[in-house]
Amino acid sequence: MRLVLRRAVLALLLLGLAAAPSLAQSRVERGRYLVEVIAACGNCHTPKGPNGPLPGMNLAGNFVVEDNSDFRAVAPNITPDRATGIGAWTDAQLMRAIREGIRPDGSLIGPPMPFEFYRGLADEDLAAMVAYLRTVRPVANASEKSTYRMPLPPSYGPPVQRVTAPPRSDRVAYGAYLAGPVAHCMECHTPFGATPGHRDMARAGVGGQAFNGPWGVSVASNITPARHTGLGLWTDAEIERAIRRGISRDGRQLFPPMGFAHYAAISPADMAALIAYLRSLPAIER
Ligand code: HEC
Ligand code: HEC
């Protein structure tokens with residue numbers, strides 16, 4: 001009897017040992033999917049030249065994201081380099097920076113890093129992002145400091161406590177989580193409202209924001225189900241092609257900063273949830 005028990009305990013211990021690294025591994029994999037694919041952090045944090053992302057510089061920063069009358073925003077190095085990246089930050093410090101916009105020294109991280117949305121990142125997804133960021137190849141690359149000519153708010157809100165993602169079985173709710181806190185689709189595709197710095201979420205998806213870059217000017221599309229100016233007449237396959245490959249319904253190649261280069265690898269289930277959510281938005285013509 002005792003021997004059987006001892007064997008059972010041993011078996012459990014061995015199982016535990018075998019499971020531990022694979023759990024950690026799946027967390028890193030989840031983090032990789034979030035950071036590199038659907039959240040597309042590199043859209044801002046990876047420096048780009050005329051031919052796209054600079055080789056060997058994934059997430060190495062010093063990339064001017066926006067230079068306008070209000071600010072010159074430079075996305076910094078978020079590789080684990082200790083001197084010029086986030087290598088010396090603790091997990092808790094990194095999580096606070098990503099979700100609440102506060103650096104370890106207490107200073108506020110400025111726009112356009114989309115904190116309005118990242119505040120809704122679920123604890124486990126945030127932890128996965130951090131686990132993955134630790135595994136990125138460290139690159140020594142000092143970043144120019146951003147300049148903000150307008151006042152920044154004292155904070156983006158009270159400290160975030162616990163956040164859980166909606167169940168995946170609720171496609172529309174999970175799609176809203178993906179299009180909001182995770183991929184910040186709604187950051188680019190929703191017009192600003194009356195409160196400075198805040199989107200008018202009653203018009204979520206209506207688009208209209210203009211983005212200047214080497215491509216000229218691109219204007220965020222209306223991605224509500226509006227029939228004339230939105231996606232109302234598009235098939236699911238056409239919407240998927242636009243998101244994954246950057247090809248509009250009429251075959252036109254879309255411009256950045258629409259993140260299709262990252263979105264190509266979005267999982268089929270997440271794509272279905274995103275499309276279900278877009279179809280659930282009020283149809284508003286622009
Ligand atoms: C729309 C562009 C944009 C996106 C998307 C974005 N960031 Fe940022 N991020 C910035 C900018 C710009 C700054 C610096 C702002 C400043 O200088 O105050 C920044 C700052 C940071 C910092 C602070 C680094 C430091 O040294 O101060 C961290 C950490 C960070 N981002 C992580 C992430 C992660 C992880 C993601 C994806 C989940 C992400 N960012 C997505 C633009 C972006
Ligand atoms: C950084 C800003 C940004 C983010 C993030 C973003 N988009 Fe876009 N998106 C744009 C812009 C700008 C265009 C229009 C580009 C053009 O016309 O060349 C666009 C175009 C589109 C189109 C094509 C519509 C048409 O009429 O051709 C779809 C669909 C779309 N986005 C969906 C999404 C979804 C879903 C997400 C999140 C997974 C997302 N976008 C994230 C900026 C963004």
# chains A, B, ... in the order shown; residues from 1 in each chain; ligands from 1
$ residues_near_ligand --ligand "ligand 2" --cutoff "7 Å" --atoms "only C-alpha atoms and all ligand atoms" --output "PyMOL selection string"
chain A and resi 38+179+183-189+210-211+218-223+230-231+239+242-243+247-249+253-259+263+274
$ residues_near_ligand --ligand "ligand 1" --cutoff "7 Å" --atoms "only C-alpha atoms and all ligand atoms" --output "PyMOL selection string"
chain A and resi 35+39-41+43-45+65+73-78+85-86+94+97-98+103+108-114+129+145-146
$ write_last_selection --atoms "N, CA and C atoms" --output "mmCIF file, in the first residue's frame"
data_model
loop_
_atom_site.group_PDB
_atom_site.id
_atom_site.type_symbol
_atom_site.label_atom_id
_atom_site.label_comp_id
_atom_site.auth_asym_id
_atom_site.auth_seq_id
_atom_site.Cartn_x
_atom_site.Cartn_y
_atom_site.Cartn_z
ATOM 1 N N VAL A 35 2.587 39.866 -28.975
ATOM 2 C CA VAL A 35 3.500 40.979 -29.279
ATOM 3 C C VAL A 35 3.778 41.094 -30.779
ATOM 4 N N ALA A 39 -1.033 42.151 -31.448
ATOM 5 C CA ALA A 39 -0.847 43.479 -30.848
ATOM 6 C C ALA A 39 0.106 44.333 -31.685
ATOM 7 N N ALA A 40 0.938 43.698 -32.492
ATOM 8 C CA ALA A 40 1.811 44.407 -33.429
ATOM 9 C C ALA A 40 2.606 45.533 -32.771
ATOM 10 N N CYS A 41 3.234 45.236 -31.623
ATOM 11 C CA CYS A 41 4.036 46.247 -30.919
ATOM 12 C C CYS A 41 5.125 46.795 -31.841
ATOM 13 N N ASN A 43 4.967 47.478 -34.878
ATOM 14 C CA ASN A 43 4.474 48.497 -35.805
ATOM 15 C C ASN A 43 5.047 49.859 -35.370
ATOM 16 N N CYS A 44 5.188 50.057 -34.072
ATOM 17 C CA CYS A 44 5.781 51.292 -33.549
ATOM 18 C C CYS A 44 7.224 51.075 -33.065
ATOM 19 N N HIS A 45 7.505 49.918 -32.451
ATOM 20 C CA HIS A 45 8.788 49.767 -31.746
ATOM 21 C C HIS A 45 9.917 49.192 -32.594
ATOM 22 N N VAL A 65 7.520 57.612 -34.441
ATOM 23 C CA VAL A 65 6.189 57.120 -34.755
ATOM 24 C C VAL A 65 5.333 58.239 -35.320
ATOM 25 N N ALA A 73 6.998 61.834 -31.241
ATOM 26 C CA ALA A 73 7.004 60.628 -30.418
ATOM 27 C C ALA A 73 7.977 59.608 -30.983
ATOM 28 N N VAL A 74 8.944 59.203 -30.158
ATOM 29 C CA VAL A 74 9.929 58.210 -30.568
ATOM 30 C C VAL A 74 9.716 56.959 -29.722
ATOM 31 N N ALA A 75 9.391 55.840 -30.378
ATOM 32 C CA ALA A 75 9.179 54.592 -29.637
ATOM 33 C C ALA A 75 10.539 54.042 -29.223
ATOM 34 N N PRO A 76 10.726 53.786 -27.918
ATOM 35 C CA PRO A 76 12.046 53.330 -27.443
ATOM 36 C C PRO A 76 12.302 51.841 -27.647
ATOM 37 N N ASN A 77 13.528 51.475 -27.289
ATOM 38 C CA ASN A 77 14.023 50.103 -27.374
ATOM 39 C C ASN A 77 13.350 49.270 -26.277
ATOM 40 N N ILE A 78 12.598 48.220 -26.670
ATOM 41 C CA ILE A 78 11.989 47.350 -25.652
ATOM 42 C C ILE A 78 12.564 45.927 -25.712
ATOM 43 N N GLY A 85 17.669 49.218 -23.297
ATOM 44 C CA GLY A 85 16.325 48.636 -23.403
ATOM 45 C C GLY A 85 15.687 48.474 -22.037
ATOM 46 N N ILE A 86 14.874 47.403 -21.897
ATOM 47 C CA ILE A 86 14.133 47.222 -20.649
ATOM 48 C C ILE A 86 14.723 46.082 -19.806
ATOM 49 N N LEU A 94 7.584 46.334 -15.803
ATOM 50 C CA LEU A 94 7.280 46.253 -17.227
ATOM 51 C C LEU A 94 5.767 46.163 -17.446
ATOM 52 N N ALA A 97 4.295 49.549 -16.969
ATOM 53 C CA ALA A 97 4.613 50.435 -18.099
ATOM 54 C C ALA A 97 3.668 50.148 -19.268
ATOM 55 N N ILE A 98 3.434 48.874 -19.566
ATOM 56 C CA ILE A 98 2.630 48.531 -20.740
ATOM 57 C C ILE A 98 1.145 48.824 -20.502
ATOM 58 N N ARG A 103 6.590 54.554 -16.048
ATOM 59 C CA ARG A 103 7.927 53.940 -16.038
ATOM 60 C C ARG A 103 8.362 53.656 -14.594
ATOM 61 N N LEU A 108 5.497 59.462 -16.761
ATOM 62 C CA LEU A 108 4.402 58.970 -17.615
ATOM 63 C C LEU A 108 4.897 58.754 -19.044
ATOM 64 N N ILE A 109 4.511 57.646 -19.651
ATOM 65 C CA ILE A 109 4.839 57.361 -21.054
ATOM 66 C C ILE A 109 3.789 58.068 -21.916
ATOM 67 N N GLY A 110 4.244 58.808 -22.916
ATOM 68 C CA GLY A 110 3.326 59.636 -23.698
ATOM 69 C C GLY A 110 2.651 58.902 -24.841
ATOM 70 N N PRO A 111 1.710 59.590 -25.511
ATOM 71 C CA PRO A 111 1.069 59.012 -26.697
ATOM 72 C C PRO A 111 2.072 58.915 -27.854
ATOM 73 N N PRO A 112 1.767 58.153 -28.914
ATOM 74 C CA PRO A 112 0.496 57.476 -29.141
ATOM 75 C C PRO A 112 0.455 56.028 -28.647
ATOM 76 N N MET A 113 1.338 55.650 -27.726
ATOM 77 C CA MET A 113 1.183 54.298 -27.167
ATOM 78 C C MET A 113 -0.240 54.240 -26.585
ATOM 79 N N PRO A 114 -1.057 53.269 -27.015
ATOM 80 C CA PRO A 114 -2.512 53.346 -26.768
ATOM 81 C C PRO A 114 -2.985 52.859 -25.398
ATOM 82 N N MET A 129 3.008 38.633 -22.500
ATOM 83 C CA MET A 129 3.787 39.604 -23.267
ATOM 84 C C MET A 129 5.157 39.832 -22.615
ATOM 85 N N LYS A 145 14.911 60.931 -27.185
ATOM 86 C CA LYS A 145 13.765 61.138 -26.293
ATOM 87 C C LYS A 145 12.616 61.785 -27.071
ATOM 88 N N SER A 146 11.402 61.426 -26.738
ATOM 89 C CA SER A 146 10.241 62.073 -27.355
ATOM 90 C C SER A 146 10.113 63.499 -26.821
#
$ residues_around --residues "stretch 21-34 of chain A" --least-positions-apart "6" --cutoff "7 Å" --atoms "only C-alpha atoms" --output "PyMOL selection string"
chain A and resi 125+128-129+131-132
$ write_last_selection --atoms "N, CA, C and O atoms" --output "tab-separated table (two decimals), in the first residue's frame"
chain	number	residue	atom	x	y	z
A	125	ASP	N	-2.57	37.79	-20.27
A	125	ASP	CA	-2.00	38.21	-21.55
A	125	ASP	C	-0.83	39.17	-21.33
A	125	ASP	O	0.19	39.10	-22.03
A	128	ALA	N	2.08	37.19	-20.29
A	128	ALA	CA	2.64	36.47	-21.42
A	128	ALA	C	3.49	37.40	-22.29
A	128	ALA	O	4.59	37.04	-22.73
A	129	MET	N	3.01	38.63	-22.50
A	129	MET	CA	3.79	39.60	-23.27
A	129	MET	C	5.16	39.83	-22.62
A	129	MET	O	6.18	39.85	-23.28
A	131	ALA	N	6.74	37.84	-20.50
A	131	ALA	CA	7.56	36.62	-20.60
A	131	ALA	C	8.23	36.55	-21.97
A	131	ALA	O	9.41	36.20	-22.09
A	132	TYR	N	7.49	36.90	-23.02
A	132	TYR	CA	8.08	36.87	-24.37
A	132	TYR	C	9.14	37.95	-24.55
A	132	TYR	O	10.22	37.68	-25.11
$ residues_around --residues "A:Ala83" --least-positions-apart "5" --cutoff "10 Å" --atoms "only C-alpha atoms" --output "short mmCIF file (atom, residue, chain, number, x, y, z; two decimals) with N, CA, C and O atoms, in the first residue's frame"
data_model
loop_
_atom_site.label_atom_id
_atom_site.label_comp_id
_atom_site.auth_asym_id
_atom_site.auth_seq_id
_atom_site.Cartn_x
_atom_site.Cartn_y
_atom_site.Cartn_z
N ALA A 88 16.79 45.90 -17.43
CA ALA A 88 16.96 46.08 -15.98
C ALA A 88 15.62 46.24 -15.25
O ALA A 88 15.61 46.40 -14.04
N VAL A 139 19.28 44.11 -28.16
CA VAL A 139 19.98 44.94 -29.13
C VAL A 139 20.34 46.24 -28.43
O VAL A 139 19.49 46.88 -27.80
N ALA A 140 21.63 46.62 -28.50
CA ALA A 140 22.04 47.90 -27.92
C ALA A 140 21.70 49.00 -28.93
O ALA A 140 22.23 49.02 -30.03
N ASN A 141 20.74 49.84 -28.58
CA ASN A 141 20.30 50.89 -29.50
C ASN A 141 19.64 51.99 -28.67
O ASN A 141 18.50 51.87 -28.25
N ALA A 142 20.42 53.05 -28.42
CA ALA A 142 19.88 54.15 -27.60
C ALA A 142 18.84 54.90 -28.41
O ALA A 142 18.94 55.01 -29.63
#
$ closest_residue --among "A:Phe192, A:Ala273, A:Ala261, A:Gly232" --to "A:Pro167" --atoms "only C-alpha atoms"
A:Ala273
$ closest_residue --among "A:Gly205, A:Thr164, A:Pro214, A:Gly120" --to "A:Lys48" --atoms "only C-alpha atoms"
A:Pro214
$ closest_residue --among "A:Val136, A:Ala173, A:Ile102, A:Met271" --to "A:Gly157" --atoms "only C-alpha atoms"
A:Ile102
$ select_by_dssp --residues "stretch 33-260 of chain A" --states "strand (DSSP E)" --output "list in words"
Lys48, Gly49, Gly52, Pro53, Phe63, Val64, Val65, Glu66, Asp67, Phe71, Arg72, Ala73, Val74, Ala75, Thr147, Tyr148, Ala210, Phe211, Asn212, Gly213, Gly216, Val217, Ser218 and Val219 of chain A
$ write_last_selection --atoms "N, CA, C and O atoms" --output "mmCIF file, in the first residue's frame"
data_model
loop_
_atom_site.group_PDB
_atom_site.id
_atom_site.type_symbol
_atom_site.label_atom_id
_atom_site.label_comp_id
_atom_site.auth_asym_id
_atom_site.auth_seq_id
_atom_site.Cartn_x
_atom_site.Cartn_y
_atom_site.Cartn_z
ATOM 1 N N LYS A 48 12.087 51.188 -39.028
ATOM 2 C CA LYS A 48 11.849 50.821 -40.424
ATOM 3 C C LYS A 48 12.574 51.765 -41.364
ATOM 4 O O LYS A 48 12.743 52.940 -41.056
ATOM 5 N N GLY A 49 12.977 51.215 -42.507
ATOM 6 C CA GLY A 49 13.559 52.017 -43.571
ATOM 7 C C GLY A 49 12.643 51.955 -44.774
ATOM 8 O O GLY A 49 11.518 51.474 -44.660
ATOM 9 N N GLY A 52 11.014 48.531 -45.364
ATOM 10 C CA GLY A 52 10.360 47.845 -44.257
ATOM 11 C C GLY A 52 11.251 47.745 -43.033
ATOM 12 O O GLY A 52 12.237 48.491 -42.906
ATOM 13 N N PRO A 53 10.934 46.817 -42.110
ATOM 14 C CA PRO A 53 11.669 46.696 -40.847
ATOM 15 C C PRO A 53 13.165 46.503 -41.076
ATOM 16 O O PRO A 53 13.564 45.726 -41.950
ATOM 17 N N PHE A 63 12.527 54.760 -33.132
ATOM 18 C CA PHE A 63 11.736 54.919 -34.347
ATOM 19 C C PHE A 63 10.712 56.037 -34.126
ATOM 20 O O PHE A 63 9.957 56.006 -33.161
ATOM 21 N N VAL A 64 10.752 57.028 -35.016
ATOM 22 C CA VAL A 64 9.833 58.159 -34.886
ATOM 23 C C VAL A 64 8.457 57.711 -35.376
ATOM 24 O O VAL A 64 8.262 57.438 -36.551
ATOM 25 N N VAL A 65 7.520 57.612 -34.441
ATOM 26 C CA VAL A 65 6.189 57.120 -34.755
ATOM 27 C C VAL A 65 5.333 58.239 -35.320
ATOM 28 O O VAL A 65 4.541 58.036 -36.234
ATOM 29 N N GLU A 66 5.475 59.420 -34.737
ATOM 30 C CA GLU A 66 4.654 60.539 -35.166
ATOM 31 C C GLU A 66 5.409 61.824 -34.881
ATOM 32 O O GLU A 66 6.027 61.974 -33.830
ATOM 33 N N ASP A 67 5.370 62.756 -35.833
ATOM 34 C CA ASP A 67 6.011 64.055 -35.654
ATOM 35 C C ASP A 67 4.995 65.083 -36.103
ATOM 36 O O ASP A 67 4.803 65.301 -37.294
ATOM 37 N N PHE A 71 3.503 66.832 -30.769
ATOM 38 C CA PHE A 71 4.607 66.029 -30.232
ATOM 39 C C PHE A 71 5.435 65.374 -31.322
ATOM 40 O O PHE A 71 4.991 65.228 -32.459
ATOM 41 N N ARG A 72 6.671 65.018 -30.911
ATOM 42 C CA ARG A 72 7.514 64.146 -31.725
ATOM 43 C C ARG A 72 7.714 62.895 -30.875
ATOM 44 O O ARG A 72 8.449 62.922 -29.882
ATOM 45 N N ALA A 73 6.998 61.834 -31.241
ATOM 46 C CA ALA A 73 7.004 60.628 -30.418
ATOM 47 C C ALA A 73 7.977 59.608 -30.983
ATOM 48 O O ALA A 73 7.871 59.218 -32.145
ATOM 49 N N VAL A 74 8.944 59.203 -30.158
ATOM 50 C CA VAL A 74 9.929 58.210 -30.568
ATOM 51 C C VAL A 74 9.716 56.959 -29.722
ATOM 52 O O VAL A 74 9.798 57.009 -28.492
ATOM 53 N N ALA A 75 9.391 55.840 -30.378
ATOM 54 C CA ALA A 75 9.179 54.592 -29.637
ATOM 55 C C ALA A 75 10.539 54.042 -29.223
ATOM 56 O O ALA A 75 11.423 53.867 -30.061
ATOM 57 N N THR A 147 9.490 64.374 -27.623
ATOM 58 C CA THR A 147 9.213 65.742 -27.167
ATOM 59 C C THR A 147 7.710 65.958 -27.204
ATOM 60 O O THR A 147 7.085 65.737 -28.245
ATOM 61 N N TYR A 148 7.139 66.362 -26.066
ATOM 62 C CA TYR A 148 5.704 66.659 -26.020
ATOM 63 C C TYR A 148 5.524 68.143 -25.782
ATOM 64 O O TYR A 148 5.987 68.682 -24.779
ATOM 65 N N ALA A 210 -6.339 60.702 -39.995
ATOM 66 C CA ALA A 210 -5.338 60.701 -41.067
ATOM 67 C C ALA A 210 -3.959 60.388 -40.501
ATOM 68 O O ALA A 210 -3.619 60.825 -39.400
ATOM 69 N N PHE A 211 -3.177 59.603 -41.238
ATOM 70 C CA PHE A 211 -1.817 59.240 -40.823
ATOM 71 C C PHE A 211 -0.835 59.656 -41.913
ATOM 72 O O PHE A 211 -0.960 59.240 -43.059
ATOM 73 N N ASN A 212 0.145 60.488 -41.527
ATOM 74 C CA ASN A 212 1.178 60.912 -42.472
ATOM 75 C C ASN A 212 2.384 60.009 -42.356
ATOM 76 O O ASN A 212 2.729 59.577 -41.264
ATOM 77 N N GLY A 213 3.036 59.726 -43.478
ATOM 78 C CA GLY A 213 4.243 58.901 -43.467
ATOM 79 C C GLY A 213 4.868 58.932 -44.839
ATOM 80 O O GLY A 213 4.403 59.660 -45.713
ATOM 81 N N GLY A 216 2.733 58.961 -47.848
ATOM 82 C CA GLY A 216 1.820 60.081 -48.089
ATOM 83 C C GLY A 216 0.845 60.174 -46.946
ATOM 84 O O GLY A 216 1.261 60.141 -45.785
ATOM 85 N N VAL A 217 -0.467 60.251 -47.243
ATOM 86 C CA VAL A 217 -1.471 60.288 -46.173
ATOM 87 C C VAL A 217 -2.407 59.100 -46.363
ATOM 88 O O VAL A 217 -2.911 58.871 -47.453
ATOM 89 N N SER A 218 -2.626 58.337 -45.295
ATOM 90 C CA SER A 218 -3.657 57.302 -45.344
ATOM 91 C C SER A 218 -4.707 57.681 -44.304
ATOM 92 O O SER A 218 -4.393 58.279 -43.282
ATOM 93 N N VAL A 219 -5.952 57.365 -44.601
ATOM 94 C CA VAL A 219 -7.047 57.719 -43.708
ATOM 95 C C VAL A 219 -7.703 56.431 -43.214
ATOM 96 O O VAL A 219 -8.066 55.563 -44.017
#
$ decode --residues "stretch 261-272 of chain A" --atoms "all heavy atoms" --output "mmCIF file, in the first residue's frame"
data_model
loop_
_atom_site.group_PDB
_atom_site.id
_atom_site.type_symbol
_atom_site.label_atom_id
_atom_site.label_comp_id
_atom_site.auth_asym_id
_atom_site.auth_seq_id
_atom_site.Cartn_x
_atom_site.Cartn_y
_atom_site.Cartn_z
ATOM 1 N N ALA A 261 1.045 43.568 -42.062
ATOM 2 C CA ALA A 261 2.281 42.773 -42.097
ATOM 3 C C ALA A 261 2.346 41.884 -40.852
ATOM 4 O O ALA A 261 2.864 40.767 -40.896
ATOM 5 C CB ALA A 261 3.500 43.689 -42.157
ATOM 6 N N HIS A 262 1.818 42.378 -39.731
ATOM 7 C CA HIS A 262 1.777 41.576 -38.497
ATOM 8 C C HIS A 262 0.558 40.654 -38.481
ATOM 9 O O HIS A 262 0.632 39.526 -38.030
ATOM 10 C CB HIS A 262 1.710 42.499 -37.272
ATOM 11 C CG HIS A 262 2.913 43.350 -37.100
ATOM 12 N ND1 HIS A 262 3.984 42.961 -36.349
ATOM 13 C CD2 HIS A 262 3.226 44.575 -37.599
ATOM 14 C CE1 HIS A 262 4.918 43.910 -36.380
ATOM 15 N NE2 HIS A 262 4.476 44.890 -37.130
ATOM 16 N N TYR A 263 -0.574 41.171 -38.982
ATOM 17 C CA TYR A 263 -1.850 40.456 -38.841
ATOM 18 C C TYR A 263 -1.960 39.203 -39.714
ATOM 19 O O TYR A 263 -2.891 38.422 -39.549
ATOM 20 C CB TYR A 263 -3.024 41.377 -39.184
ATOM 21 C CG TYR A 263 -3.096 42.647 -38.359
ATOM 22 C CD1 TYR A 263 -3.701 43.798 -38.863
ATOM 23 C CD2 TYR A 263 -2.573 42.703 -37.071
ATOM 24 C CE1 TYR A 263 -3.780 44.961 -38.120
ATOM 25 C CE2 TYR A 263 -2.637 43.865 -36.316
ATOM 26 C CZ TYR A 263 -3.240 44.993 -36.852
ATOM 27 O OH TYR A 263 -3.306 46.152 -36.119
ATOM 28 N N ALA A 264 -1.019 39.017 -40.651
ATOM 29 C CA ALA A 264 -1.083 37.851 -41.539
ATOM 30 C C ALA A 264 -1.241 36.560 -40.749
ATOM 31 O O ALA A 264 -1.924 35.647 -41.183
ATOM 32 C CB ALA A 264 0.172 37.790 -42.414
ATOM 33 N N ALA A 265 -0.614 36.488 -39.560
ATOM 34 C CA ALA A 265 -0.608 35.229 -38.800
ATOM 35 C C ALA A 265 -1.670 35.182 -37.693
ATOM 36 O O ALA A 265 -1.584 34.340 -36.793
ATOM 37 C CB ALA A 265 0.783 34.992 -38.216
ATOM 38 N N ILE A 266 -2.666 36.054 -37.728
ATOM 39 C CA ILE A 266 -3.751 35.978 -36.741
ATOM 40 C C ILE A 266 -4.421 34.604 -36.847
ATOM 41 O O ILE A 266 -4.663 34.114 -37.956
ATOM 42 C CB ILE A 266 -4.785 37.121 -36.967
ATOM 43 C CG1 ILE A 266 -4.182 38.469 -36.539
ATOM 44 C CG2 ILE A 266 -6.083 36.871 -36.189
ATOM 45 C CD1 ILE A 266 -5.112 39.665 -36.746
ATOM 46 N N SER A 267 -4.722 33.983 -35.693
ATOM 47 C CA SER A 267 -5.300 32.627 -35.720
ATOM 48 C C SER A 267 -6.702 32.684 -36.319
ATOM 49 O O SER A 267 -7.383 33.711 -36.217
ATOM 50 C CB SER A 267 -5.361 32.055 -34.305
ATOM 51 O OG SER A 267 -6.402 32.693 -33.580
ATOM 52 N N PRO A 268 -7.152 31.576 -36.947
ATOM 53 C CA PRO A 268 -8.500 31.562 -37.542
ATOM 54 C C PRO A 268 -9.583 31.893 -36.519
ATOM 55 O O PRO A 268 -10.529 32.625 -36.837
ATOM 56 C CB PRO A 268 -8.638 30.129 -38.059
ATOM 57 C CG PRO A 268 -7.236 29.664 -38.285
ATOM 58 C CD PRO A 268 -6.402 30.346 -37.246
ATOM 59 N N ALA A 269 -9.461 31.399 -35.279
ATOM 60 C CA ALA A 269 -10.496 31.662 -34.268
ATOM 61 C C ALA A 269 -10.525 33.152 -33.914
ATOM 62 O O ALA A 269 -11.600 33.755 -33.778
ATOM 63 C CB ALA A 269 -10.239 30.826 -33.022
ATOM 64 N N ASP A 270 -9.345 33.758 -33.774
ATOM 65 C CA ASP A 270 -9.298 35.186 -33.446
ATOM 66 C C ASP A 270 -9.843 36.018 -34.613
ATOM 67 O O ASP A 270 -10.515 37.037 -34.403
ATOM 68 C CB ASP A 270 -7.868 35.629 -33.110
ATOM 69 C CG ASP A 270 -7.451 35.201 -31.709
ATOM 70 O OD1 ASP A 270 -8.277 34.565 -31.010
ATOM 71 O OD2 ASP A 270 -6.304 35.488 -31.314
ATOM 72 N N MET A 271 -9.543 35.600 -35.846
ATOM 73 C CA MET A 271 -10.047 36.325 -37.016
ATOM 74 C C MET A 271 -11.581 36.285 -37.027
ATOM 75 O O MET A 271 -12.244 37.301 -37.259
ATOM 76 C CB MET A 271 -9.472 35.704 -38.297
ATOM 77 C CG MET A 271 -9.870 36.397 -39.580
ATOM 78 S SD MET A 271 -9.378 38.152 -39.669
ATOM 79 C CE MET A 271 -7.611 38.026 -39.924
ATOM 80 N N ALA A 272 -12.145 35.102 -36.745
ATOM 81 C CA ALA A 272 -13.610 34.963 -36.720
ATOM 82 C C ALA A 272 -14.204 35.861 -35.639
ATOM 83 O O ALA A 272 -15.248 36.499 -35.847
ATOM 84 C CB ALA A 272 -13.993 33.506 -36.489
#
